[in-house]
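Asks: My structure is in run-v3.cif, and what it holds is mmCIF, N, CA and C atoms:
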```
data_input
loop_
_atom_site.group_PDB
_atom_site.id
_atom_site.type_symbol
_atom_site.label_atom_id
_atom_site.label_comp_id
_atom_site.auth_asym_id
_atom_site.auth_seq_id
_atom_site.Cartn_x
_atom_site.Cartn_y
_atom_site.Cartn_z
ATOM 1 N N ALA A 324 2.240 25.663 145.047
ATOM 2 C CA ALA A 324 1.039 26.165 144.406
ATOM 3 C C ALA A 324 0.177 24.988 143.973
ATOM 4 N N LYS A 325 -1.129 25.138 144.122
ATOM 5 C CA LYS A 325 -2.086 24.172 143.603
ATOM 6 C C LYS A 325 -2.723 24.796 142.371
ATOM 7 N N ILE A 326 -2.859 24.002 141.322
ATOM 8 C CA ILE A 326 -3.389 24.500 140.064
ATOM 9 C C ILE A 326 -4.529 23.595 139.622
ATOM 10 N N ALA A 327 -5.654 24.199 139.236
ATOM 11 C CA ALA A 327 -6.798 23.443 138.717
ATOM 12 C C ALA A 327 -7.241 24.080 137.407
ATOM 13 N N VAL A 328 -7.268 23.283 136.342
ATOM 14 C CA VAL A 328 -7.733 23.777 135.047
ATOM 15 C C VAL A 328 -9.244 23.600 135.018
ATOM 16 N N ILE A 329 -9.971 24.717 134.951
ATOM 17 C CA ILE A 329 -11.427 24.704 134.962
ATOM 18 C C ILE A 329 -11.962 24.606 133.536
ATOM 19 N N LYS A 330 -11.469 25.456 132.663
ATOM 20 C CA LYS A 330 -11.806 25.482 131.238
ATOM 21 C C LYS A 330 -10.492 25.661 130.489
ATOM 22 N N PRO A 331 -10.484 25.514 129.170
ATOM 23 C CA PRO A 331 -9.216 25.691 128.443
ATOM 24 C C PRO A 331 -8.530 27.036 128.714
ATOM 25 N N ARG A 332 -9.291 28.073 129.002
ATOM 26 C CA ARG A 332 -8.693 29.376 129.252
ATOM 27 C C ARG A 332 -8.980 29.892 130.669
ATOM 28 N N GLU A 333 -9.329 28.998 131.583
ATOM 29 C CA GLU A 333 -9.607 29.388 132.973
ATOM 30 C C GLU A 333 -8.883 28.439 133.912
ATOM 31 N N ILE A 334 -8.018 29.006 134.744
ATOM 32 C CA ILE A 334 -7.207 28.220 135.668
ATOM 33 C C ILE A 334 -7.334 28.819 137.065
ATOM 34 N N HIS A 335 -7.513 27.977 138.063
ATOM 35 C CA HIS A 335 -7.557 28.428 139.455
ATOM 36 C C HIS A 335 -6.240 28.064 140.130
ATOM 37 N N PHE A 336 -5.636 29.054 140.768
ATOM 38 C CA PHE A 336 -4.389 28.876 141.505
ATOM 39 C C PHE A 336 -4.644 29.038 142.984
ATOM 40 N N THR A 337 -3.950 28.266 143.781
ATOM 41 C CA THR A 337 -3.936 28.455 145.225
ATOM 42 C C THR A 337 -2.478 28.564 145.642
ATOM 43 N N ILE A 338 -2.121 29.734 146.170
ATOM 44 C CA ILE A 338 -0.756 29.908 146.675
ATOM 45 C C ILE A 338 -0.846 30.280 148.149
ATOM 46 N N THR A 339 0.114 29.823 148.930
ATOM 47 C CA THR A 339 0.070 30.066 150.363
ATOM 48 C C THR A 339 0.743 31.372 150.757
ATOM 49 N N GLU A 340 1.598 31.864 149.895
ATOM 50 C CA GLU A 340 2.195 33.178 150.147
ATOM 51 C C GLU A 340 2.615 33.763 148.804
ATOM 52 N N GLY A 341 2.748 35.047 148.758
ATOM 53 C CA GLY A 341 3.123 35.696 147.511
ATOM 54 C C GLY A 341 2.200 36.853 147.203
ATOM 55 N N GLN A 342 2.256 37.294 145.979
ATOM 56 C CA GLN A 342 1.478 38.440 145.552
ATOM 57 C C GLN A 342 0.800 38.125 144.232
ATOM 58 N N LYS A 343 -0.142 38.997 143.834
ATOM 59 C CA LYS A 343 -0.821 38.805 142.551
ATOM 60 C C LYS A 343 0.184 38.741 141.411
ATOM 61 N N HIS A 344 1.226 39.535 141.493
ATOM 62 C CA HIS A 344 2.212 39.579 140.413
ATOM 63 C C HIS A 344 2.983 38.269 140.290
ATOM 64 N N GLN A 345 3.006 37.469 141.335
ATOM 65 C CA GLN A 345 3.694 36.180 141.288
ATOM 66 C C GLN A 345 3.053 35.280 140.228
ATOM 67 N N ILE A 346 1.741 35.285 140.135
ATOM 68 C CA ILE A 346 1.037 34.482 139.136
ATOM 69 C C ILE A 346 1.420 34.956 137.737
ATOM 70 N N ARG A 347 1.441 36.257 137.531
ATOM 71 C CA ARG A 347 1.818 36.809 136.222
ATOM 72 C C ARG A 347 3.240 36.404 135.851
ATOM 73 N N ARG A 348 4.159 36.445 136.813
ATOM 74 C CA ARG A 348 5.545 36.047 136.539
ATOM 75 C C ARG A 348 5.642 34.563 136.203
ATOM 76 N N MET A 349 4.849 33.733 136.872
ATOM 77 C CA MET A 349 4.852 32.294 136.582
ATOM 78 C C MET A 349 4.388 32.039 135.143
ATOM 79 N N PHE A 350 3.361 32.737 134.702
ATOM 80 C CA PHE A 350 2.878 32.574 133.334
ATOM 81 C C PHE A 350 3.853 33.153 132.319
ATOM 82 N N ASP A 351 4.480 34.273 132.627
ATOM 83 C CA ASP A 351 5.491 34.850 131.731
ATOM 84 C C ASP A 351 6.620 33.858 131.475
ATOM 85 N N ARG A 352 6.960 33.109 132.492
ATOM 86 C CA ARG A 352 8.049 32.138 132.405
ATOM 87 C C ARG A 352 7.795 31.062 131.347
ATOM 88 N N VAL A 353 6.516 30.733 131.127
ATOM 89 C CA VAL A 353 6.158 29.716 130.124
ATOM 90 C C VAL A 353 5.522 30.356 128.887
ATOM 91 N N GLN A 354 5.813 31.625 128.659
ATOM 92 C CA GLN A 354 5.342 32.405 127.504
ATOM 93 C C GLN A 354 3.818 32.418 127.355
ATOM 94 N N CYS A 355 3.110 32.590 128.459
ATOM 95 C CA CYS A 355 1.654 32.752 128.442
ATOM 96 C C CYS A 355 1.320 34.089 129.094
ATOM 97 N N SER A 356 0.236 34.699 128.648
ATOM 98 C CA SER A 356 -0.144 35.982 129.229
ATOM 99 C C SER A 356 -1.365 35.817 130.129
ATOM 100 N N VAL A 357 -1.481 36.702 131.084
ATOM 101 C CA VAL A 357 -2.622 36.734 131.993
ATOM 102 C C VAL A 357 -3.439 37.960 131.619
ATOM 103 N N THR A 358 -4.700 37.756 131.254
ATOM 104 C CA THR A 358 -5.539 38.882 130.861
ATOM 105 C C THR A 358 -6.424 39.366 132.002
ATOM 106 N N TRP A 359 -6.722 38.492 132.950
ATOM 107 C CA TRP A 359 -7.590 38.867 134.061
ATOM 108 C C TRP A 359 -7.204 38.036 135.265
ATOM 109 N N LEU A 360 -7.089 38.693 136.415
ATOM 110 C CA LEU A 360 -6.696 38.015 137.643
ATOM 111 C C LEU A 360 -7.539 38.556 138.781
ATOM 112 N N GLN A 361 -8.111 37.671 139.576
ATOM 113 C CA GLN A 361 -8.963 38.093 140.684
ATOM 114 C C GLN A 361 -8.588 37.321 141.934
ATOM 115 N N ARG A 362 -8.333 38.050 143.007
ATOM 116 C CA ARG A 362 -8.090 37.413 144.295
ATOM 117 C C ARG A 362 -9.446 37.186 144.944
ATOM 118 N N ILE A 363 -9.738 35.935 145.305
ATOM 119 C CA ILE A 363 -11.055 35.626 145.869
ATOM 120 C C ILE A 363 -11.006 35.368 147.370
ATOM 121 N N ARG A 364 -9.806 35.199 147.911
ATOM 122 C CA ARG A 364 -9.695 34.963 149.348
ATOM 123 C C ARG A 364 -8.347 35.439 149.855
ATOM 124 N N GLU A 365 -8.347 35.978 151.052
ATOM 125 C CA GLU A 365 -7.133 36.369 151.765
ATOM 126 C C GLU A 365 -7.287 35.807 153.169
ATOM 127 N N ASN A 366 -6.529 34.752 153.487
ATOM 128 C CA ASN A 366 -6.686 34.014 154.748
ATOM 129 C C ASN A 366 -8.132 33.548 154.890
ATOM 130 N N LYS A 367 -8.825 33.940 155.968
ATOM 131 C CA LYS A 367 -10.218 33.534 156.165
ATOM 132 C C LYS A 367 -11.203 34.471 155.469
ATOM 133 N N LEU A 368 -10.772 35.623 155.055
ATOM 134 C CA LEU A 368 -11.647 36.626 154.441
ATOM 135 C C LEU A 368 -11.873 36.281 152.971
ATOM 136 N N THR A 369 -13.146 36.018 152.601
ATOM 137 C CA THR A 369 -13.458 35.629 151.228
ATOM 138 C C THR A 369 -14.255 36.725 150.524
ATOM 139 N N LEU A 370 -14.137 36.760 149.218
ATOM 140 C CA LEU A 370 -14.872 37.711 148.404
ATOM 141 C C LEU A 370 -16.348 37.330 148.339
ATOM 142 N N GLY A 371 -16.639 36.056 148.210
ATOM 143 C CA GLY A 371 -18.023 35.592 148.152
ATOM 144 C C GLY A 371 -18.757 36.116 146.935
ATOM 145 N N GLU A 372 -19.997 36.501 147.102
ATOM 146 C CA GLU A 372 -20.837 36.987 146.004
ATOM 147 C C GLU A 372 -20.857 38.504 145.919
ATOM 148 N N LEU A 373 -19.854 39.159 146.445
ATOM 149 C CA LEU A 373 -19.797 40.621 146.444
ATOM 150 C C LEU A 373 -19.704 41.145 145.017
ATOM 151 N N GLU A 374 -20.606 42.062 144.655
ATOM 152 C CA GLU A 374 -20.630 42.607 143.302
ATOM 153 C C GLU A 374 -19.502 43.608 143.095
ATOM 154 N N LYS A 375 -19.141 43.791 141.845
ATOM 155 C CA LYS A 375 -18.087 44.731 141.484
ATOM 156 C C LYS A 375 -18.456 46.137 141.957
ATOM 157 N N GLY A 376 -17.530 46.796 142.628
ATOM 158 C CA GLY A 376 -17.752 48.155 143.118
ATOM 159 C C GLY A 376 -18.462 48.248 144.457
ATOM 160 N N LYS A 377 -18.868 47.118 145.019
ATOM 161 C CA LYS A 377 -19.578 47.098 146.304
ATOM 162 C C LYS A 377 -18.608 46.730 147.416
ATOM 163 N N TYR A 378 -19.023 46.955 148.643
ATOM 164 C CA TYR A 378 -18.198 46.590 149.790
ATOM 165 C C TYR A 378 -19.104 46.085 150.899
ATOM 166 N N ARG A 379 -18.485 45.470 151.882
ATOM 167 C CA ARG A 379 -19.225 45.035 153.058
ATOM 168 C C ARG A 379 -18.372 45.303 154.284
ATOM 169 N N MET A 380 -19.025 45.449 155.406
ATOM 170 C CA MET A 380 -18.310 45.668 156.651
ATOM 171 C C MET A 380 -17.693 44.340 157.090
ATOM 172 N N ILE A 381 -16.480 44.400 157.559
ATOM 173 C CA ILE A 381 -15.766 43.201 157.998
ATOM 174 C C ILE A 381 -15.963 43.029 159.503
ATOM 175 N N GLN A 382 -16.320 41.809 159.885
ATOM 176 C CA GLN A 382 -16.471 41.476 161.281
ATOM 177 C C GLN A 382 -15.139 41.020 161.849
ATOM 178 N N LYS A 383 -14.969 41.141 163.141
ATOM 179 C CA LYS A 383 -13.744 40.699 163.784
ATOM 180 C C LYS A 383 -13.483 39.217 163.529
ATOM 181 N N SER A 384 -14.557 38.422 163.472
ATOM 182 C CA SER A 384 -14.409 36.978 163.243
ATOM 183 C C SER A 384 -13.911 36.678 161.825
ATOM 184 N N ASP A 385 -14.056 37.624 160.886
ATOM 185 C CA ASP A 385 -13.564 37.429 159.528
ATOM 186 C C ASP A 385 -12.036 37.446 159.442
ATOM 187 N N ILE A 386 -11.398 38.105 160.376
ATOM 188 C CA ILE A 386 -9.946 38.272 160.285
ATOM 189 C C ILE A 386 -9.174 37.593 161.392
ATOM 190 N N ILE A 387 -9.864 37.037 162.364
ATOM 191 C CA ILE A 387 -9.158 36.358 163.468
ATOM 192 C C ILE A 387 -9.347 34.874 163.357
#
```
For this file, write the structure as C-alpha cells.
Replies:
Amino acid sequence: AKIAVIKPREIHFTITEGQKHQIRRMFDRVQCSVTWLQRIRENKLTLGELEKGKYRMIQKSDII
C-alpha cells in the first residue's frame, strides 16, 4: 500500500488489490476510525469530476 498524508485528517491510499473494507480494517488495527471513504479509480476507470448521484456511459477503451 502507498500512503500519502494530505491534511491532518485526510489520507490517500493506493492499494493494488483488496476491497474498501481492507482500509477500514487497517485503521481499526491502529485504533483509528474511518468516517468517509471514496474509491476514485478502479484499474483504468477513474471517477474524475463526476458529481454525486450522476453517471456517465463507459467506453470500451475505459476498461480495456
Asks: Quick check on the file I pasted: which residues fall under the PyMOL selection byres (((chain A and resi 366 and name CA) around 12) and name CA)? Write them as an MDAnalysis selection string.
Replies: chainID A and resid 337:340 362:365 367:370 384:387
Asks: Write down as a count of residues only the residues of chain A whose backbone DSSP state falls under helix (DSSP H, G or I).
Replies: 14
Asks: Separation of atom C of Arg379 in chain A and atom N of Thr358 in chain A, in Å?
Replies: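 Going from atom C of Arg379 in chain A over to atom N of Thr358 in chain A, I get 27.8 Å.
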Asks: Please, what distance in Å, to one decimal, runs between atom N of Gly341 in chain A and CA of Tyr378 in chain A?
Replies: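 Interatomic distance here is 23.9 Å.
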Asks: In range 328-380 of chain A, what's strand (DSSP E or B) per DSSP? Answer as an NGL selection string?
Replies: :A and (328-330 or 333-337 or 364-365 or 368-369)
Asks: Next, dump the selected residues to file, keeping only N, CA and C atoms, as a compact mmCIF listing (two decimals), in the coordinates of the input.
Replies:
```
# COMPACT_ATOMS: atom_id res chain seq x y z
N VAL A 328 -7.27 23.28 136.34
CA VAL A 328 -7.73 23.78 135.05
C VAL A 328 -9.24 23.60 135.02
N ILE A 329 -9.97 24.72 134.95
CA ILE A 329 -11.43 24.70 134.96
C ILE A 329 -11.96 24.61 133.54
N LYS A 330 -11.47 25.46 132.66
CA LYS A 330 -11.81 25.48 131.24
C LYS A 330 -10.49 25.66 130.49
N GLU A 333 -9.33 29.00 131.58
CA GLU A 333 -9.61 29.39 132.97
C GLU A 333 -8.88 28.44 133.91
N ILE A 334 -8.02 29.01 134.74
CA ILE A 334 -7.21 28.22 135.67
C ILE A 334 -7.33 28.82 137.06
N HIS A 335 -7.51 27.98 138.06
CA HIS A 335 -7.56 28.43 139.46
C HIS A 335 -6.24 28.06 140.13
N PHE A 336 -5.64 29.05 140.77
CA PHE A 336 -4.39 28.88 141.50
C PHE A 336 -4.64 29.04 142.98
N THR A 337 -3.95 28.27 143.78
CA THR A 337 -3.94 28.46 145.22
C THR A 337 -2.48 28.56 145.64
N ARG A 364 -9.81 35.20 147.91
CA ARG A 364 -9.70 34.96 149.35
C ARG A 364 -8.35 35.44 149.85
N GLU A 365 -8.35 35.98 151.05
CA GLU A 365 -7.13 36.37 151.76
C GLU A 365 -7.29 35.81 153.17
N LEU A 368 -10.77 35.62 155.06
CA LEU A 368 -11.65 36.63 154.44
C LEU A 368 -11.87 36.28 152.97
N THR A 369 -13.15 36.02 152.60
CA THR A 369 -13.46 35.63 151.23
C THR A 369 -14.26 36.72 150.52
```
Asks: Work out how far atom C of Leu373 in chain A is from atom N of Ala324 in chain A, in Å to one decimal.
Replies: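 Atom-to-atom, atom N of Ala324 in chain A to atom C of Leu373 in chain A, that is 26.9 Å.
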Asks: I want to know what sits within 5 Å of Ile326 in chain A, based on all atoms listed in the file, with residues of the same chain fewer than 2 positions away left out; could you give that as a PyMOL selection string?
Replies: chain A and resi 324+328+335-336
Asks: With all atoms of range 366-374 of chain A from the file as input, state the centre and edge lengths in Å to one decimal of the axis-aligned box that has 5 Å extra on each side, as AutoDock Vina command-line options.
Replies:
```
--center_x -13.7 --center_y 38.6 --center_z 149.6 --size_x 24.3 --size_y 20.1 --size_z 23.1
```
